[in-house]
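In what follows, a structure is listed as structure tokens, so that the remarks can point back to it.
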Amino acid sequence: MNNIWILFSCLLYSIDGRITRPRICRNCTGKIHKKQDLELTKLPLIIDKTQICIKANYEYFIIIKSGSFSRRNFTRSTWAKEMKEHFHIPILYAIGTPKNSSIQKDLFAEDEQFHDLLQFNFLENYYNLTIKTTSVLVWYDRHCSKTSKYLFYVDDDLLIHTEKFIIYMMQMNYSDAMEGWFEKAGKILRTGVGGVTKEDFPIDITPDYLWGAAVLYPSNIVSNLLIKFIFNTTLPIFFRDDVFINAFIAEEAGIKRQQMKGLVLYDPTEDSLKDNMIVIDFTNEEHRYRAWNCYKYNKQCNRNLLLTLFKFFSVLSLFGIIILSCCKMIKAMKCYKPLIYQLDAIYYEMKTICEQNLSVFTIIMRKFCPTIKCRRVKFTIYLILHSKRNYIRLGFFVIILIVFYHFLLNK
């Protein structure tokens with residue numbers, strides 16, 4: 001009996017402990033930086049490119065945050081190559097210092113070959129994203145903000161339709177708004193990778209923010225607002241740059257954030273880069289290779305017919321359900337029967353006119369359609385258009401729309 005009582009007491013104690021104690025963040029690996037960590041952003045660079053903006057003025061400047069040699073090489077051989085060769089847009093790759101010091105020699109050799117690395121003096125890892133982005137903004141403010149209107153700051157795993165991006169930037173009216181993939185206010189993660197404890201970061205909800213994958217910063221907000229607020233904020237310095245800089249700092253500074261037109265998430269069932277400007281959020285490198293090859297060489301395009309048909313018939317079914325619901329609502333209305341009577345009267349009146357003029361119609365058909373096949377087609381269309389059965393006409397117009405949509409996609 002005593003043992004049972006002890007077990008019962010332990011159970012009550014554990015339940016009481018779970019209720020009264022503050023919840024801990026399970027498996028959290030997120031990081032909160034200290035104020036002194038921001039001083040890393042002001043250190044001299046290991047590999048610098050201070051002369052790049054002195055030589056010429058640019059409408060915009062592209063910096064790619066990178067941590068992978070293979071991704072840099074793929075980017076250099078695809079959209080970045082087109083940007084540089086055809087439009088003379090400056091492109092640099094922002095990197096940190098590697099954990100393995102022996103890799104540093106390879107980075108020097110890489111820069112010697114391509115002349116496009118921008119290496120900062122902090123450790124390269126996921127939890128230093130805010131430090132990296134702040135470093136890029138500080139560097140851009142010092143050297144390039146006076147000679148360019150925009151900084152386009154992107155990940156190394158996206159794809160850009162070069163011509164569409166150039167046209168977009170040419171047509172853009174200069175403003176103080178940041179652009180990218182826009183997300184409404186969300187909750188701060190309290191579990192897993194990127195999660196932080198309530199004690200470290202007491203705010204639960206983020207303001208509206210832009211994903212860090214691709215952000216267009218007007219140069220004047222970098223110089224006058226972002227950097228100033230980053231270094232003077234009283235908020236805990238969250239390691240995710242999109243949450244800290246593109247949400248909390250932008251909100252404090254009163255900077256507008258908006259969706260960039262033509263920026264989409266990767267869809268494995270569609271060839272996104274053909275119809276859009278920028279594609280982000282690839283699940284793996286193979287998908288990125290396929291998307292580029294499809295756009296550039298019309299190879300390895302997505303041909304998932306079953307999934308495409310499923311999506312088409314799902315939309316069609318939803319459309320049918322909406323139409324049926326509307327029909328039921330109309331039938332329930334008091335004016336439904338008088339309306340039907342009027343429509344029937346109009347139909348029979350039109351039918352009589354059509355029958356009276358049928359011989360004239362036949363003569364016209366023979367004149368413009370000398371062959372029997374042509375006459376049959378025209379007569380079939382005539383009957384469909386004048387059919388009382390609405391579902392026949394509806395089906396006919398759906399077929400026309402499908403054919404039109406098919407040729408529009410494949411033009």
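Residue names in the structure tokens use chain letters A, B, ... in the order shown, residue numbers from 1 in each chain, and ligand numbers from 1 in the order shown.
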
For Phe182 of chain A, please output as a ChimeraX atom specification all residues within 7 Å (counting only C-alpha atoms; exclusion window: fewer than 5 positions along the same chain). /A:209-211,258-259

Can you pull out the residues contacting segment 99-111 of chain A? Cut-off 9 Å, using only C-alpha atoms, and skip same-chain residues under 3 positions away; I want them as a PyMOL selection string. chain A and resi 47+69+114-119+123-125

Just the selected residues (N, CA and C atoms), exported as a PDB file, in the first residue's frame, please.
```
ATOM      1  N   ILE A  47      39.104  38.199 -48.292  1.00  0.00           N
ATOM      2  CA  ILE A  47      39.148  38.442 -49.739  1.00  0.00           C
ATOM      3  C   ILE A  47      38.180  39.591 -50.013  1.00  0.00           C
ATOM      4  N   PHE A  69      30.962  25.198 -52.966  1.00  0.00           N
ATOM      5  CA  PHE A  69      31.714  25.388 -54.209  1.00  0.00           C
ATOM      6  C   PHE A  69      30.920  24.881 -55.410  1.00  0.00           C
ATOM      7  N   PHE A 114      38.316  33.095 -60.689  1.00  0.00           N
ATOM      8  CA  PHE A 114      37.049  33.731 -61.060  1.00  0.00           C
ATOM      9  C   PHE A 114      36.930  35.200 -60.630  1.00  0.00           C
ATOM     10  N   HIS A 115      37.703  35.622 -59.657  1.00  0.00           N
ATOM     11  CA  HIS A 115      37.695  37.025 -59.186  1.00  0.00           C
ATOM     12  C   HIS A 115      36.302  37.481 -58.736  1.00  0.00           C
ATOM     13  N   ASP A 116      35.598  36.630 -57.995  1.00  0.00           N
ATOM     14  CA  ASP A 116      34.230  36.992 -57.601  1.00  0.00           C
ATOM     15  C   ASP A 116      33.869  36.621 -56.156  1.00  0.00           C
ATOM     16  N   LEU A 117      34.886  36.339 -55.311  1.00  0.00           N
ATOM     17  CA  LEU A 117      34.604  35.991 -53.916  1.00  0.00           C
ATOM     18  C   LEU A 117      34.712  37.210 -53.012  1.00  0.00           C
ATOM     19  N   LEU A 118      33.849  37.219 -52.008  1.00  0.00           N
ATOM     20  CA  LEU A 118      33.854  38.256 -50.980  1.00  0.00           C
ATOM     21  C   LEU A 118      33.869  37.505 -49.644  1.00  0.00           C
ATOM     22  N   GLN A 119      35.055  37.348 -49.042  1.00  0.00           N
ATOM     23  CA  GLN A 119      35.179  36.507 -47.856  1.00  0.00           C
ATOM     24  C   GLN A 119      35.294  37.343 -46.591  1.00  0.00           C
ATOM     25  N   LEU A 123      33.032  32.599 -38.955  1.00  0.00           N
ATOM     26  CA  LEU A 123      32.888  31.188 -39.335  1.00  0.00           C
ATOM     27  C   LEU A 123      31.683  30.995 -40.242  1.00  0.00           C
ATOM     28  N   GLU A 124      31.879  30.237 -41.308  1.00  0.00           N
ATOM     29  CA  GLU A 124      30.793  29.954 -42.256  1.00  0.00           C
ATOM     30  C   GLU A 124      29.915  28.829 -41.711  1.00  0.00           C
ATOM     31  N   ASN A 125      28.712  29.171 -41.252  1.00  0.00           N
ATOM     32  CA  ASN A 125      27.722  28.151 -40.888  1.00  0.00           C
ATOM     33  C   ASN A 125      26.324  28.755 -40.860  1.00  0.00           C
TER      34      ASN A 125
END
```

A:Leu92, A:Ala56, A:Ile245, A:Met170 ranked by distance to Gly212 of chain A, top pick (using only C-alpha atoms):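 For Gly212 of chain A, the nearest of the candidates is A:Ile245.
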
From A:Ile160, A:Cys327, A:Ala94, A:Ile62, residue lying nearest Asp275 of chain A [only C-alpha atoms]: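 Checking each candidate against Asp275 of chain A, we get A:Ile160 as the closest.
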
Exercise: segment 217-222 of chain A partners within 12 Å, only C-alpha atoms, chain neighbours under 4 positions left out, as a PyMOL selection string: chain A and resi 58-63+133-154+169+172-180+210+212+226-230+245-246+249-250+253-258+260

If we count only C-alpha atoms and set the cut-off at 9 Å, which residues sit around Tyr266 of chain A, ignoring sequence neighbours fewer than 2 positions away in its own chain? Please answer as a PyMOL selection string. chain A and resi 264+268-273+279-283+287-288

Just-selected residues, N, CA, C and O atoms written as a PDB file, in the first residue's frame:
```pdb
ATOM      1  N   VAL A 264       8.617  32.774 -57.659  1.00  0.00           N
ATOM      2  CA  VAL A 264       7.756  31.642 -57.305  1.00  0.00           C
ATOM      3  C   VAL A 264       8.554  30.558 -56.590  1.00  0.00           C
ATOM      4  O   VAL A 264       9.781  30.500 -56.685  1.00  0.00           O
ATOM      5  N   PRO A 268       7.555  20.733 -58.545  1.00  0.00           N
ATOM      6  CA  PRO A 268       8.137  19.623 -59.315  1.00  0.00           C
ATOM      7  C   PRO A 268       7.277  19.152 -60.476  1.00  0.00           C
ATOM      8  O   PRO A 268       7.738  18.400 -61.326  1.00  0.00           O
ATOM      9  N   THR A 269       6.006  19.575 -60.538  1.00  0.00           N
ATOM     10  CA  THR A 269       5.129  19.154 -61.635  1.00  0.00           C
ATOM     11  C   THR A 269       5.094  20.167 -62.772  1.00  0.00           C
ATOM     12  O   THR A 269       4.440  19.948 -63.780  1.00  0.00           O
ATOM     13  N   GLU A 270       5.789  21.291 -62.612  1.00  0.00           N
ATOM     14  CA  GLU A 270       5.749  22.329 -63.637  1.00  0.00           C
ATOM     15  C   GLU A 270       7.163  22.783 -64.004  1.00  0.00           C
ATOM     16  O   GLU A 270       8.091  22.636 -63.225  1.00  0.00           O
ATOM     17  N   ASP A 271       7.280  23.336 -65.187  1.00  0.00           N
ATOM     18  CA  ASP A 271       8.557  23.893 -65.642  1.00  0.00           C
ATOM     19  C   ASP A 271       8.550  25.388 -65.336  1.00  0.00           C
ATOM     20  O   ASP A 271       8.335  26.225 -66.206  1.00  0.00           O
ATOM     21  N   SER A 272       8.807  25.703 -64.061  1.00  0.00           N
ATOM     22  CA  SER A 272       8.524  27.033 -63.517  1.00  0.00           C
ATOM     23  C   SER A 272       9.329  28.160 -64.170  1.00  0.00           C
ATOM     24  O   SER A 272       8.819  29.265 -64.329  1.00  0.00           O
ATOM     25  N   LEU A 273      10.576  27.911 -64.540  1.00  0.00           N
ATOM     26  CA  LEU A 273      11.427  28.999 -65.012  1.00  0.00           C
ATOM     27  C   LEU A 273      11.029  29.502 -66.401  1.00  0.00           C
ATOM     28  O   LEU A 273      11.347  30.619 -66.770  1.00  0.00           O
ATOM     29  N   VAL A 279      12.941  31.382 -59.538  1.00  0.00           N
ATOM     30  CA  VAL A 279      12.417  30.177 -58.866  1.00  0.00           C
ATOM     31  C   VAL A 279      13.298  29.889 -57.658  1.00  0.00           C
ATOM     32  O   VAL A 279      14.525  29.808 -57.775  1.00  0.00           O
ATOM     33  N   ILE A 280      12.661  29.729 -56.490  1.00  0.00           N
ATOM     34  CA  ILE A 280      13.394  29.427 -55.256  1.00  0.00           C
ATOM     35  C   ILE A 280      12.845  28.147 -54.639  1.00  0.00           C
ATOM     36  O   ILE A 280      11.884  27.564 -55.138  1.00  0.00           O
ATOM     37  N   ASP A 281      13.477  27.731 -53.554  1.00  0.00           N
ATOM     38  CA  ASP A 281      12.999  26.604 -52.741  1.00  0.00           C
ATOM     39  C   ASP A 281      13.053  25.271 -53.485  1.00  0.00           C
ATOM     40  O   ASP A 281      12.117  24.477 -53.438  1.00  0.00           O
ATOM     41  N   PHE A 282      14.165  25.008 -54.175  1.00  0.00           N
ATOM     42  CA  PHE A 282      14.358  23.693 -54.794  1.00  0.00           C
ATOM     43  C   PHE A 282      14.610  22.654 -53.702  1.00  0.00           C
ATOM     44  O   PHE A 282      15.347  22.914 -52.749  1.00  0.00           O
ATOM     45  N   THR A 283      14.016  21.472 -53.879  1.00  0.00           N
ATOM     46  CA  THR A 283      14.173  20.425 -52.860  1.00  0.00           C
ATOM     47  C   THR A 283      15.559  19.784 -52.908  1.00  0.00           C
ATOM     48  O   THR A 283      16.066  19.314 -51.898  1.00  0.00           O
ATOM     49  N   HIS A 287      16.791  18.713 -59.070  1.00  0.00           N
ATOM     50  CA  HIS A 287      15.641  19.463 -59.555  1.00  0.00           C
ATOM     51  C   HIS A 287      16.077  20.800 -60.163  1.00  0.00           C
ATOM     52  O   HIS A 287      15.506  21.263 -61.158  1.00  0.00           O
ATOM     53  N   ARG A 288      17.087  21.410 -59.583  1.00  0.00           N
ATOM     54  CA  ARG A 288      17.579  22.692 -60.108  1.00  0.00           C
ATOM     55  C   ARG A 288      18.237  22.491 -61.478  1.00  0.00           C
ATOM     56  O   ARG A 288      18.026  23.279 -62.395  1.00  0.00           O
TER      57      ARG A 288
END
```

Could you work out how far atom CA of Leu159 of chain A lies from atom CA of Thr50 of chain A, giving the answer in Å with one decimal?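 One can read the atom CA of Thr50 of chain A to atom CA of Leu159 of chain A distance as 26.9 Å.
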
Please compute the atom CA of Asp37 of chain A-atom CA of Asp242 of chain A distance, one decimal, in Å.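 Computing it gives 17.8 Å between the two atoms.
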